[in-house]
Every structure is written in structure tokens, then in C-alpha cells.
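Structure below is data_30.cif: mmCIF, C-alpha atoms.
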```
data_work
#
loop_
_atom_site.label_atom_id
_atom_site.label_comp_id
_atom_site.auth_asym_id
_atom_site.auth_seq_id
_atom_site.Cartn_x
_atom_site.Cartn_y
_atom_site.Cartn_z
CA MET A 1 -102.12 -35.86 79.97
CA ARG A 2 -103.18 -37.88 83.01
CA ARG A 3 -105.83 -35.25 83.87
CA ILE A 4 -107.26 -35.52 80.37
CA SER A 5 -107.29 -39.32 80.58
CA LEU A 6 -108.94 -39.19 83.99
CA GLY A 7 -111.60 -36.76 82.86
CA PHE A 8 -112.25 -38.72 79.71
CA SER A 9 -112.57 -41.95 81.71
CA MET A 10 -115.04 -40.39 84.15
CA LEU A 11 -117.10 -39.00 81.28
CA LEU A 12 -117.09 -42.42 79.62
CA SER A 13 -118.21 -43.98 82.92
CA LEU A 14 -121.17 -41.63 83.24
CA LEU A 15 -122.19 -42.18 79.63
CA LEU A 16 -122.10 -45.94 80.02
CA LEU A 17 -124.17 -45.75 83.22
CA ALA A 18 -126.73 -43.48 81.54
CA GLY A 19 -126.95 -45.89 78.63
CA VAL A 20 -127.65 -48.83 80.94
CA LEU A 21 -130.35 -46.89 82.82
CA ALA A 22 -131.94 -45.83 79.57
CA ILE A 23 -132.62 -49.42 78.52
CA LEU A 24 -134.17 -50.55 81.80
CA PRO A 25 -137.62 -52.03 81.06
CA ALA A 26 -140.53 -49.60 81.23
CA GLY A 27 -142.36 -49.83 84.53
CA THR A 28 -139.37 -51.15 86.48
CA ALA A 29 -139.02 -49.30 89.76
CA VAL A 30 -135.53 -47.94 90.33
CA ALA A 31 -136.34 -46.30 93.66
CA VAL A 32 -138.41 -47.32 96.67
CA PRO A 33 -141.50 -45.12 96.93
CA PRO A 34 -142.30 -43.57 100.31
CA ALA A 35 -144.31 -45.61 102.80
CA GLN A 36 -148.05 -45.01 102.93
CA THR A 37 -150.90 -45.77 105.29
CA ALA A 38 -154.52 -46.59 104.64
CA PRO A 39 -156.68 -43.45 104.52
CA PHE A 40 -159.42 -45.17 106.53
CA ALA A 41 -157.96 -47.49 109.16
CA ASP A 42 -161.30 -48.70 110.56
CA PRO A 43 -162.82 -51.40 108.33
CA GLN A 44 -166.41 -50.20 108.72
CA GLU A 45 -165.45 -46.62 107.93
CA ALA A 46 -163.49 -47.88 104.93
CA ALA A 47 -166.53 -49.83 103.69
CA THR A 48 -168.83 -46.85 104.19
CA GLU A 49 -166.57 -44.53 102.23
CA ALA A 50 -166.23 -47.14 99.50
CA VAL A 51 -170.03 -47.38 99.17
CA ARG A 52 -170.24 -43.59 99.10
CA TRP A 53 -167.84 -43.60 96.14
CA LEU A 54 -169.77 -46.38 94.40
CA VAL A 55 -173.06 -44.52 94.66
CA THR A 56 -171.86 -41.00 93.93
CA ALA A 57 -169.27 -41.84 91.27
CA HIS A 58 -170.60 -44.95 89.52
CA GLN A 59 -174.34 -45.36 89.99
CA ASN A 60 -176.23 -44.36 86.85
CA ASP A 61 -179.23 -42.08 87.11
CA ASP A 62 -181.55 -45.04 86.49
CA GLY A 63 -180.23 -46.70 89.66
CA GLY A 64 -178.19 -49.40 87.96
CA TYR A 65 -174.50 -50.00 87.46
CA THR A 66 -172.43 -50.98 84.47
CA SER A 67 -169.69 -53.56 84.47
CA PHE A 68 -167.35 -51.56 82.23
CA SER A 69 -167.24 -47.79 82.46
CA SER A 70 -165.23 -44.92 83.87
CA GLY A 71 -168.09 -43.58 85.96
CA ALA A 72 -171.76 -42.76 86.31
CA ASN A 73 -173.80 -42.49 83.11
CA GLN A 74 -170.84 -43.41 80.92
CA ALA A 75 -172.43 -46.68 79.76
CA PRO A 76 -175.84 -48.36 80.09
CA SER A 77 -176.59 -50.24 83.30
CA ASP A 78 -176.33 -54.03 83.10
CA VAL A 79 -177.32 -56.98 85.25
CA GLY A 80 -173.80 -58.11 86.18
CA GLY A 81 -172.55 -54.74 87.37
CA THR A 82 -175.75 -54.03 89.29
CA ALA A 83 -175.61 -57.43 91.01
CA ASP A 84 -171.99 -56.80 92.01
CA ALA A 85 -172.81 -53.40 93.48
CA ILE A 86 -175.75 -54.79 95.45
CA GLN A 87 -173.55 -57.40 97.15
CA ALA A 88 -171.06 -54.73 98.21
CA ILE A 89 -173.70 -52.29 99.39
CA VAL A 90 -175.38 -54.91 101.58
CA ALA A 91 -172.04 -56.10 102.96
CA ALA A 92 -171.32 -52.57 104.18
CA GLY A 93 -174.65 -52.45 106.02
CA PHE A 94 -176.73 -50.40 103.58
CA ASP A 95 -180.07 -51.21 101.97
CA PRO A 96 -179.81 -51.26 98.16
CA ALA A 97 -183.59 -50.86 97.95
CA GLN A 98 -183.36 -47.41 99.55
CA PRO A 99 -181.91 -44.27 97.92
CA LEU A 100 -178.41 -43.55 99.21
CA PHE A 101 -176.36 -40.37 99.30
CA ASP A 102 -179.03 -38.17 97.69
CA GLN A 103 -179.61 -40.51 94.74
CA GLU A 104 -183.22 -40.91 93.65
CA ASN A 105 -183.16 -44.42 92.19
CA THR A 106 -181.73 -47.66 93.53
CA PRO A 107 -180.07 -50.78 92.08
CA VAL A 108 -182.93 -52.95 93.33
CA MET A 109 -185.34 -50.67 91.50
CA TRP A 110 -183.29 -51.10 88.33
CA LEU A 111 -183.36 -54.91 88.59
CA ASN A 112 -187.11 -54.89 89.11
CA ASP A 113 -187.60 -52.61 86.11
CA HIS A 114 -185.47 -54.96 83.98
CA SER A 115 -186.68 -58.38 85.14
CA ASP A 116 -186.65 -59.70 81.56
CA GLU A 117 -182.96 -58.87 81.26
CA VAL A 118 -182.29 -60.45 84.64
CA ALA A 119 -184.04 -63.66 83.55
CA ALA A 120 -182.11 -63.73 80.27
CA TYR A 121 -178.86 -63.27 82.16
CA ALA A 122 -179.76 -66.12 84.54
CA SER A 123 -180.49 -68.40 81.60
CA ILE A 124 -176.87 -68.32 80.39
CA ASP A 125 -175.38 -70.78 82.88
CA GLY A 126 -175.21 -71.70 86.54
CA SER A 127 -172.77 -68.96 87.43
CA THR A 128 -174.90 -66.14 85.99
CA ALA A 129 -178.01 -67.60 87.61
CA GLY A 130 -176.15 -68.02 90.89
CA LYS A 131 -174.94 -64.45 90.71
CA VAL A 132 -178.38 -62.90 90.38
CA VAL A 133 -179.82 -65.18 93.07
CA LEU A 134 -177.02 -64.14 95.42
CA ALA A 135 -177.70 -60.46 94.72
CA LEU A 136 -181.47 -60.77 95.18
CA VAL A 137 -181.15 -62.68 98.44
CA ALA A 138 -178.63 -60.14 99.73
CA ALA A 139 -181.06 -57.36 98.85
CA GLY A 140 -183.93 -59.05 100.67
CA GLN A 141 -185.78 -59.89 97.45
CA ASP A 142 -187.46 -63.20 96.63
CA PRO A 143 -185.62 -64.91 93.76
CA ARG A 144 -188.53 -67.36 93.39
CA ALA A 145 -190.95 -64.59 92.56
CA PHE A 146 -188.98 -61.93 90.77
CA GLY A 147 -191.32 -60.30 88.31
CA ASP A 148 -192.74 -63.20 86.32
CA TYR A 149 -189.75 -65.45 86.94
CA ASN A 150 -188.57 -68.07 89.38
CA LEU A 151 -184.82 -67.59 89.15
CA VAL A 152 -184.10 -70.46 91.54
CA ILE A 153 -185.63 -72.83 88.98
CA SER A 154 -183.47 -71.13 86.36
CA LEU A 155 -180.45 -72.03 88.49
CA THR A 156 -181.42 -75.63 89.22
CA GLN A 157 -182.14 -76.29 85.55
CA HIS A 158 -178.45 -75.77 84.80
CA LEU A 159 -177.51 -78.93 86.73
CA SER A 160 -176.07 -81.59 84.41
CA PRO A 161 -175.55 -85.34 85.02
CA THR A 162 -171.88 -84.67 85.75
CA GLY A 163 -172.78 -82.30 88.57
CA GLN A 164 -171.66 -79.23 86.65
CA LEU A 165 -174.01 -76.27 86.65
CA ASN A 166 -173.52 -75.72 82.92
CA VAL A 167 -170.05 -74.32 83.64
CA THR A 168 -166.51 -75.46 82.93
CA THR A 169 -164.50 -73.74 85.67
CA PRO A 170 -164.35 -74.21 89.45
CA PHE A 171 -165.05 -70.51 89.90
CA GLY A 172 -168.28 -70.70 87.93
CA GLN A 173 -169.33 -73.87 89.77
CA ALA A 174 -168.68 -72.16 93.11
CA VAL A 175 -170.86 -69.20 92.20
CA GLY A 176 -173.71 -71.53 91.23
CA ILE A 177 -173.41 -73.49 94.47
CA LEU A 178 -173.39 -70.27 96.49
CA GLY A 179 -176.58 -69.20 94.72
CA LEU A 180 -178.30 -72.46 95.65
CA ALA A 181 -177.18 -72.14 99.26
CA ALA A 182 -178.29 -68.51 99.45
CA ALA A 183 -181.77 -69.48 98.25
CA GLY A 184 -182.01 -72.29 100.81
CA GLU A 185 -181.93 -74.98 98.15
CA PRO A 186 -180.18 -78.27 98.89
CA VAL A 187 -176.89 -78.43 97.04
CA PRO A 188 -176.71 -81.68 95.03
CA ASP A 189 -173.92 -84.04 96.08
CA SER A 190 -172.90 -84.29 92.44
CA ALA A 191 -172.29 -80.53 92.27
CA VAL A 192 -170.08 -80.68 95.36
CA SER A 193 -168.26 -83.76 94.09
CA TRP A 194 -167.46 -82.12 90.76
CA LEU A 195 -166.02 -79.07 92.49
CA LEU A 196 -163.93 -81.24 94.81
CA SER A 197 -162.69 -83.29 91.86
CA THR A 198 -161.09 -80.17 90.38
CA GLN A 199 -159.01 -79.41 93.48
CA SER A 200 -155.29 -79.88 92.93
CA THR A 201 -153.30 -82.50 94.83
CA GLU A 202 -149.91 -81.72 93.28
CA ASP A 203 -146.97 -80.54 95.40
CA VAL A 204 -147.09 -76.82 96.20
CA LEU A 205 -150.45 -76.49 94.43
CA ALA A 206 -152.13 -79.01 96.74
CA GLY A 207 -155.41 -77.70 98.07
CA SER A 208 -155.85 -75.05 95.38
CA TRP A 209 -158.11 -74.61 92.37
CA ASP A 210 -157.17 -73.12 89.02
CA ASP A 211 -159.03 -70.40 87.16
CA GLY A 212 -159.97 -72.64 84.24
CA PHE A 213 -157.69 -70.73 81.86
CA GLY A 214 -154.33 -72.19 82.77
CA THR A 215 -153.51 -70.19 85.91
CA LEU A 216 -152.76 -72.94 88.40
CA GLY A 217 -152.89 -72.29 92.13
CA ASN A 218 -155.31 -69.40 91.68
CA PRO A 219 -156.32 -67.71 94.99
CA ASP A 220 -159.50 -66.30 93.43
CA ALA A 221 -160.90 -69.70 92.42
CA THR A 222 -159.62 -71.24 95.64
CA GLY A 223 -161.32 -68.60 97.78
CA MET A 224 -164.63 -68.97 95.98
CA ALA A 225 -164.48 -72.77 96.14
CA VAL A 226 -163.87 -72.66 99.89
CA MET A 227 -166.87 -70.42 100.48
CA ALA A 228 -169.06 -72.57 98.22
CA LEU A 229 -168.11 -75.81 99.95
CA LEU A 230 -168.74 -74.30 103.37
CA ALA A 231 -172.12 -73.03 102.19
CA ALA A 232 -172.90 -76.52 100.83
CA GLY A 233 -172.37 -78.00 104.28
CA LEU A 234 -168.73 -79.09 104.51
CA ALA A 235 -167.23 -78.54 107.96
CA PRO A 236 -164.32 -76.09 108.31
CA ASP A 237 -162.08 -78.96 109.46
CA ASP A 238 -162.79 -80.99 106.31
CA PRO A 239 -159.43 -82.10 104.86
CA ALA A 240 -160.15 -80.45 101.49
CA LEU A 241 -160.84 -77.12 103.17
CA GLN A 242 -157.85 -77.38 105.46
CA GLN A 243 -155.63 -78.04 102.46
CA ALA A 244 -157.12 -75.00 100.74
CA ALA A 245 -156.44 -72.86 103.81
CA ASP A 246 -152.84 -74.07 103.92
CA PHE A 247 -152.39 -73.22 100.26
CA LEU A 248 -153.79 -69.72 100.71
CA MET A 249 -151.50 -69.01 103.65
CA GLN A 250 -148.47 -70.28 101.74
CA ALA A 251 -149.40 -68.22 98.67
CA ARG A 252 -149.65 -64.98 100.62
CA LEU A 253 -147.07 -62.42 99.52
CA GLU A 254 -144.64 -60.61 101.80
CA SER A 255 -146.56 -57.41 101.07
CA GLY A 256 -149.53 -58.95 102.91
CA GLY A 257 -151.96 -59.76 100.09
CA TRP A 258 -152.33 -62.19 97.21
CA GLU A 259 -151.67 -62.20 93.49
CA TYR A 260 -153.71 -63.81 90.70
CA GLY A 261 -150.80 -66.08 89.79
CA PRO A 262 -147.01 -66.18 90.21
CA GLY A 263 -145.45 -62.96 88.96
CA PHE A 264 -148.70 -61.06 88.51
CA GLY A 265 -148.30 -58.88 91.60
CA GLU A 266 -150.62 -58.21 94.50
CA ASN A 267 -154.12 -57.03 93.61
CA VAL A 268 -157.32 -56.17 95.44
CA ASN A 269 -159.53 -58.87 93.93
CA SER A 270 -157.36 -61.87 94.74
CA THR A 271 -156.60 -60.48 98.19
CA ALA A 272 -160.28 -59.91 98.94
CA LEU A 273 -161.41 -63.41 97.95
CA ALA A 274 -158.60 -65.03 99.94
CA ILE A 275 -159.55 -62.95 102.98
CA GLN A 276 -163.22 -63.89 102.68
CA ALA A 277 -162.37 -67.59 102.47
CA LEU A 278 -160.02 -67.53 105.44
CA ALA A 279 -162.49 -65.51 107.50
CA ALA A 280 -165.20 -68.06 106.66
CA LEU A 281 -162.86 -70.77 107.98
CA GLY A 282 -162.47 -68.87 111.24
CA GLN A 283 -158.89 -67.70 110.72
CA ASP A 284 -157.44 -64.38 111.81
CA VAL A 285 -157.37 -62.08 108.78
CA SER A 286 -156.54 -58.77 110.46
CA GLU A 287 -153.10 -58.49 108.82
CA PRO A 288 -154.21 -59.19 105.24
CA VAL A 289 -157.17 -56.84 105.76
CA GLN A 290 -154.66 -54.11 106.53
CA ALA A 291 -152.85 -54.91 103.29
CA LEU A 292 -156.19 -54.61 101.48
CA LEU A 293 -156.96 -51.27 103.13
CA ASN A 294 -153.67 -49.92 101.80
CA TRP A 295 -155.17 -50.16 98.31
CA GLN A 296 -157.95 -47.69 99.18
CA SER A 297 -157.64 -44.11 97.98
CA GLU A 298 -158.84 -41.01 99.79
CA SER A 299 -161.85 -40.93 97.45
CA GLY A 300 -163.09 -44.11 99.13
CA ALA A 301 -162.51 -46.28 96.06
CA PHE A 302 -160.20 -49.25 96.02
CA GLN A 303 -157.61 -49.11 93.29
CA ALA A 304 -156.20 -51.27 90.54
CA ASP A 305 -152.85 -50.94 88.79
CA PHE A 306 -152.30 -52.62 85.42
CA GLY A 307 -148.91 -51.09 84.79
CA SER A 308 -149.74 -47.44 84.14
CA GLY A 309 -150.24 -46.40 87.74
CA PRO A 310 -153.03 -46.86 90.31
CA PHE A 311 -156.55 -45.70 89.56
CA ASP A 312 -159.93 -45.87 91.31
CA ASP A 313 -161.68 -48.99 90.08
CA PHE A 314 -165.29 -50.18 90.24
CA PHE A 315 -164.46 -53.90 90.29
CA SER A 316 -161.77 -53.54 92.92
CA THR A 317 -164.15 -51.57 95.11
CA VAL A 318 -167.11 -53.95 94.95
CA GLN A 319 -164.73 -56.85 95.57
CA ALA A 320 -162.98 -55.28 98.54
CA ILE A 321 -165.98 -54.15 100.56
CA PRO A 322 -167.22 -57.58 101.73
CA ALA A 323 -163.68 -58.60 102.65
CA VAL A 324 -162.78 -55.57 104.76
CA VAL A 325 -165.90 -56.02 106.91
CA GLY A 326 -165.47 -59.78 107.21
CA LYS A 327 -168.47 -61.00 105.24
CA PRO A 328 -167.94 -64.15 103.16
CA PHE A 329 -170.43 -65.19 100.47
CA PRO A 330 -173.35 -65.73 100.53
CA ILE A 331 -174.14 -62.31 101.95
CA ARG A 332 -177.50 -61.90 103.66
CA PRO A 333 -179.09 -58.72 105.03
CA GLY A 334 -178.77 -58.25 108.77
CA VAL A 335 -176.11 -60.95 109.25
CA GLU A 336 -173.31 -59.82 111.55
CA PRO A 337 -169.87 -59.85 109.94
CA VAL A 338 -166.92 -61.89 111.10
CA PRO A 339 -165.00 -59.55 113.48
CA VAL A 340 -162.06 -57.87 111.76
CA LEU A 341 -160.17 -55.57 114.09
CA ILE A 342 -157.54 -53.10 112.99
CA SER A 343 -156.12 -51.23 115.96
CA GLU A 344 -153.67 -48.87 114.32
CA PRO A 345 -152.87 -48.08 110.68
CA THR A 346 -149.61 -49.70 109.69
CA GLU A 347 -147.05 -48.64 107.13
CA THR A 348 -145.73 -50.65 104.25
CA ALA A 349 -142.22 -50.14 102.93
CA VAL A 350 -143.48 -50.59 99.40
CA PRO A 351 -147.18 -49.75 99.04
CA PRO A 352 -149.18 -52.21 96.97
CA THR A 353 -149.91 -49.59 94.34
CA ALA A 354 -146.25 -49.75 93.36
CA THR A 355 -146.71 -53.33 92.22
CA VAL A 356 -147.67 -53.89 88.61
CA THR A 357 -150.70 -56.14 88.41
CA ALA A 358 -151.10 -57.76 85.05
CA VAL A 359 -154.68 -58.95 85.18
CA PRO A 360 -157.79 -57.56 86.85
CA THR A 361 -159.91 -60.22 88.50
CA ASN A 362 -162.56 -57.59 88.18
CA THR A 363 -165.69 -58.76 89.92
CA PRO A 364 -166.58 -60.61 93.10
CA LEU A 365 -168.75 -62.99 91.14
CA PRO A 366 -167.21 -63.56 87.72
CA THR A 367 -169.28 -65.63 85.37
CA GLU A 368 -168.55 -67.59 82.25
CA THR A 369 -170.40 -68.29 79.07
CA ALA A 370 -169.75 -69.74 75.68
CA VAL A 371 -172.41 -67.92 73.66
CA PRO A 372 -174.62 -65.46 75.58
CA PRO A 373 -178.19 -65.60 74.26
CA THR A 374 -178.69 -61.89 74.85
CA ALA A 375 -176.70 -58.70 74.47
CA THR A 376 -176.19 -58.55 78.23
CA MET A 377 -172.50 -58.39 79.03
CA ILE A 378 -170.87 -60.78 81.43
CA SER A 379 -169.06 -58.66 83.96
CA THR A 380 -165.72 -60.34 84.17
CA PRO A 381 -162.78 -60.09 81.82
CA VAL A 382 -160.92 -62.86 83.65
CA ALA A 383 -163.45 -65.59 84.33
CA THR A 384 -165.10 -65.63 80.95
CA ALA A 385 -164.59 -67.88 77.97
CA THR A 386 -163.78 -64.89 75.82
CA SER A 387 -161.10 -63.28 77.96
CA ALA A 388 -158.24 -65.25 79.45
CA PRO A 389 -155.51 -63.77 81.64
CA GLN A 390 -152.68 -61.96 79.95
CA ALA A 391 -149.08 -62.25 81.08
CA ASP A 392 -147.24 -59.46 82.84
CA THR A 393 -144.62 -58.03 80.48
CA THR A 394 -142.58 -56.30 83.18
CA ASP A 395 -139.40 -58.30 83.77
CA GLY A 396 -137.75 -57.40 87.05
CA GLY A 397 -135.00 -59.97 86.39
CA ASN A 398 -133.80 -58.01 83.35
CA ALA A 399 -133.53 -54.88 85.44
CA THR A 400 -131.39 -56.67 88.03
CA MET A 401 -129.07 -58.02 85.32
CA LEU A 402 -128.66 -54.57 83.79
CA TRP A 403 -127.70 -53.10 87.15
CA VAL A 404 -125.10 -55.84 87.59
CA VAL A 405 -123.68 -55.02 84.14
CA ALA A 406 -123.55 -51.33 85.04
CA ILE A 407 -121.65 -52.01 88.27
CA VAL A 408 -119.19 -54.31 86.49
CA LEU A 409 -118.53 -51.62 83.86
CA LEU A 410 -117.89 -49.01 86.54
CA VAL A 411 -115.48 -51.33 88.34
CA LEU A 412 -113.59 -52.02 85.10
CA ILE A 413 -113.37 -48.29 84.31
CA ALA A 414 -112.14 -47.52 87.82
CA ALA A 415 -109.51 -50.23 87.49
CA GLY A 416 -108.40 -48.74 84.16
CA ILE A 417 -108.06 -45.30 85.70
CA TRP A 418 -106.00 -46.70 88.58
CA TYR A 419 -103.78 -48.57 86.15
CA ALA A 420 -103.24 -45.44 84.02
CA ARG A 421 -102.31 -43.38 87.07
CA GLN A 422 -99.79 -45.97 88.17
CA ARG A 423 -98.01 -45.55 84.85
#
```
Could I get this file's structure written as C-alpha cells?
Amino acid sequence: MRRISLGFSMLLSLLLLAGVLAILPAGTAVAVPPAQTAPFADPQEAATEAVRWLVTAHQNDDGGYTSFSSGANQAPSDVGGTADAIQAIVAAGFDPAQPLFDQENTPVMWLNDHSDEVAAYASIDGSTAGKVVLALVAAGQDPRAFGDYNLVISLTQHLSPTGQLNVTTPFGQAVGILGLAAAGEPVPDSAVSWLLSTQSTEDVLAGSWDDGFGTLGNPDATGMAVMALLAAGLAPDDPALQQAADFLMQARLESGGWEYGPGFGENVNSTALAIQALAALGQDVSEPVQALLNWQSESGAFQADFGSGPFDDFFSTVQAIPAVVGKPFPIRPGVEPVPVLISEPTETAVPPTATVTAVPTNTPLPTETAVPPTATMISTPVATATSAPQADTTDGGNATMLWVVAIVLLVLIAAGIWYARQR
């Protein structure tokens, strides 16, 4: 009888444990994945392979890029995606006006062939105008004589009496300021003052900027604001910039990179912008660069993971390239990068691709708009008025609680078995 009771108790134990495991939240890791190393340990090699992937896997036959697609010729080229690609290509040391990797057309050619679309895009607000000016300057083009348009005037016309460049977020303001600086235009004091006025002074958030959509202490907005203020003429030892640097260092995750907001998980975009800002301030970024390199796949692309597993991603790739080679915005052709040395590839106990990232930051130069006057898409799901961040639904705390319950049940069953045997 005792044998039957013992067997029944063990069977009941296994069934209870299986039941607990079955209700663990989807996406919760129950085992530590094997360690992994970056496929390209040298930053310049990593950038080169990333550009190779961009050109061969995502450049459309007409030379342009699209902000939202799964690959080349899957969607029409647009201004935002093409501008993003140009920045990355130049950062890696390539000329976007020259055919690359056996492609016939170039992104600069596409912009020139679509100057009306470029002008319409620049007319939306200061961040879109700043973005195209940044791309043209990086490509060695003259933004003051682009087709029939002076895009620098388009940018300066967005300045309002408040100092805002027809934007509502710090990120958008930073992009506009960077565009002015790239073009050699004086940055109005009012534009700088408005950006500084949006910097947080509260407790652990001190020194940071938010994304404009409720995500406080946002590394993306903070990184862009730092680069914009430096480009506008603030010294690296300015108290506002030092506070921002302190915030970024405190917000860095144990895995080595940054997340869009608390609980979102490490991602390429936030990590890249934080690296660029810290590099611009003269800080050593070799360790976070290694964390960023761990997100690169053997294809050369940098990856994103929104909960269904890592995948090669256009936005992650164009964002990562300037960071891994140490080039903050504004990027100019022929400018030497900030030295970023990686001596040996290092391993991570839990590779970043195992972390669920809830929100893509998507593009190095997100832009915002209330009502675009044209059909041109704004290439940023996060920093747009029509797409705010979504919360991560994976709850690691629930998983921990369920494991505790399972252990308690097993202990109780074992105690019952012992008690039965004593009788």
C-alpha cells in the first residue's frame, strides 16, 4: 500500500510541476542560452559588413531605400529611409554617390532624381528638414542648392518664437539643431534654450530627456540632445552635458547596452545613440561597443527582437554603424572617427538577442509630424505623433512567482510522502 501511495504521490508531483510550467508566460526564458561572441570583432570590419548587407539586401534597384520593408524592392523608396542609409554608409567610410557592391544606382542619385519629394519632406517640420540636411552634408552635397531648392532655408523657416523648430519633442529639436550645425548655420540661442529647458532635473532622471510620449529618462532622446548641444557649441564640461553623461552611465544595463525605457530590454538603437553621445563627450565606449557588436548577425546586419526572436533589421543596422566606428552626429565625409578599440571578442552569459525588446527605436534620425502634407512616410514608428511606444507584455516577475509556487508544492508533497512512510 505504501508503494502505491509513494508512486501516486510522485506522479501527482510531476503533474503539478508540469501544470505550473505550462502556464509560464509566453516568451519567458526558462534556460540560459549559450554564450555567443560578435561575428566581426573589429569595428571597421563590422561596419563594412553591415554596409554590404544594407546595399545588397535592402537597396532598391532605383538606388533608394524604404523605411518599412523586408528587403530590396519590397516597397517604394522614400526620403526618410534613403537619408538614414546615407548617414550609415558615410559613417562606414563609403561614398553614397558611388555604386557599391555591384549596384548600378546610388542613394544620392535617388535623392537627386526626387528633389521635389525631398523638399516636401523637409517642409514638414524642423526634424524632417534637419534630417535631409544632415544626409546631404554627409554625402558631400550642397543643401543650399539641391535641385531647385535651398533646404537650409526650409530648415530655418521652421524656427518659432519659442525656439522650437516646429517640433514638440526634444528628439525632434535635436535633429533640427544638428541639421543647422551640419550646414554651418548659427544655431539660435532660443533653440538651444528650449532644448535645455526640457532636460529633467528630478532625482534619478536628472540630466535626461524624455521621448515626448511619456517615456521618461529615455537614452535615445538624451543621446541625441547631447550631440545637438555639442554641435551647437556647448563645451563637453558644461553642467547640463555632464549630468546627461552621468545619467547615461547610470542607465546602462548589466548586459552592456541600453534600453528604451525601464523594462523594455536592451536594443541596438538606444545602445547606439548612447554610445555616440558618450563618444562625442570623449568617454571610453569600448565596452558598450562590444555589447552592440553582439547584436550583429553573420549576414552583417544588426538585429532587433520584439518578442518573437531576433531578425536582421534595417533600422537597427543604419543606427548601429555610426556608433561602432565612433562617429557622432553630424557626420561629415572624410572626418576621422573617434577611436574605438576592441582587442578581443568577449562573451556574454546571456546574449542580447535573448532579451525581449518591446519597442523599436527604428531610425537614427526619427522625425515627428502632426499632419504630413505629402504621402511621404516619416521613417520612425517611435518618434512620431502617430506611433507611441507600446509596453512590453512579458512579465518576468510572474515567472519567478510561479517557480516559487512549484517549489513549495514539491516540498509539501515530499513532506506528505515522508509523513505517510513514517506511519
Given the PyMOL selection byres ((chain A and resi 50-61) around 6) and the file above, list the residues it selects as an mmCIF file with C-alpha atoms, in the coordinates of the input.
```
data_model
loop_
_atom_site.group_PDB
_atom_site.id
_atom_site.type_symbol
_atom_site.label_atom_id
_atom_site.label_comp_id
_atom_site.auth_asym_id
_atom_site.auth_seq_id
_atom_site.Cartn_x
_atom_site.Cartn_y
_atom_site.Cartn_z
ATOM 1 C CA ALA A 47 -166.530 -49.830 103.690
ATOM 2 C CA THR A 48 -168.830 -46.850 104.190
ATOM 3 C CA GLU A 49 -166.570 -44.530 102.230
ATOM 4 C CA ASP A 62 -181.550 -45.040 86.490
ATOM 5 C CA GLY A 63 -180.230 -46.700 89.660
ATOM 6 C CA GLY A 64 -178.190 -49.400 87.960
ATOM 7 C CA TYR A 65 -174.500 -50.000 87.460
ATOM 8 C CA GLY A 71 -168.090 -43.580 85.960
ATOM 9 C CA ALA A 72 -171.760 -42.760 86.310
ATOM 10 C CA ASN A 73 -173.800 -42.490 83.110
ATOM 11 C CA GLY A 300 -163.090 -44.110 99.130
ATOM 12 C CA ALA A 301 -162.510 -46.280 96.060
#
```
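Among the candidate residues A:Asp189, A:Asp313, A:Asp125, A:Glu254, the one lying nearest to A:His158 is A:Asp125, with distances computed using all atoms listed in the file.
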Report the residues retrieved by the PyMOL selection byres ((chain A and resi 191-198) around 7) from the displayed file, expressed as a ChimeraX atom specification. /A:163-164,170,173,187-190,199-200,209,229
In terms of all atoms listed in the file, the residue from A:Ala122, A:Ala139, A:Leu278, A:Val175 at minimal distance from A:Pro107 is A:Ala139
| query | What lies within 9 Å of A:Ala244 using only C-alpha atoms, ignoring chain neighbours under 4 positions off, as a PyMOL selection string? | reply | chain A and resi 199+206-209+222-223+225-226+239-240+248-249
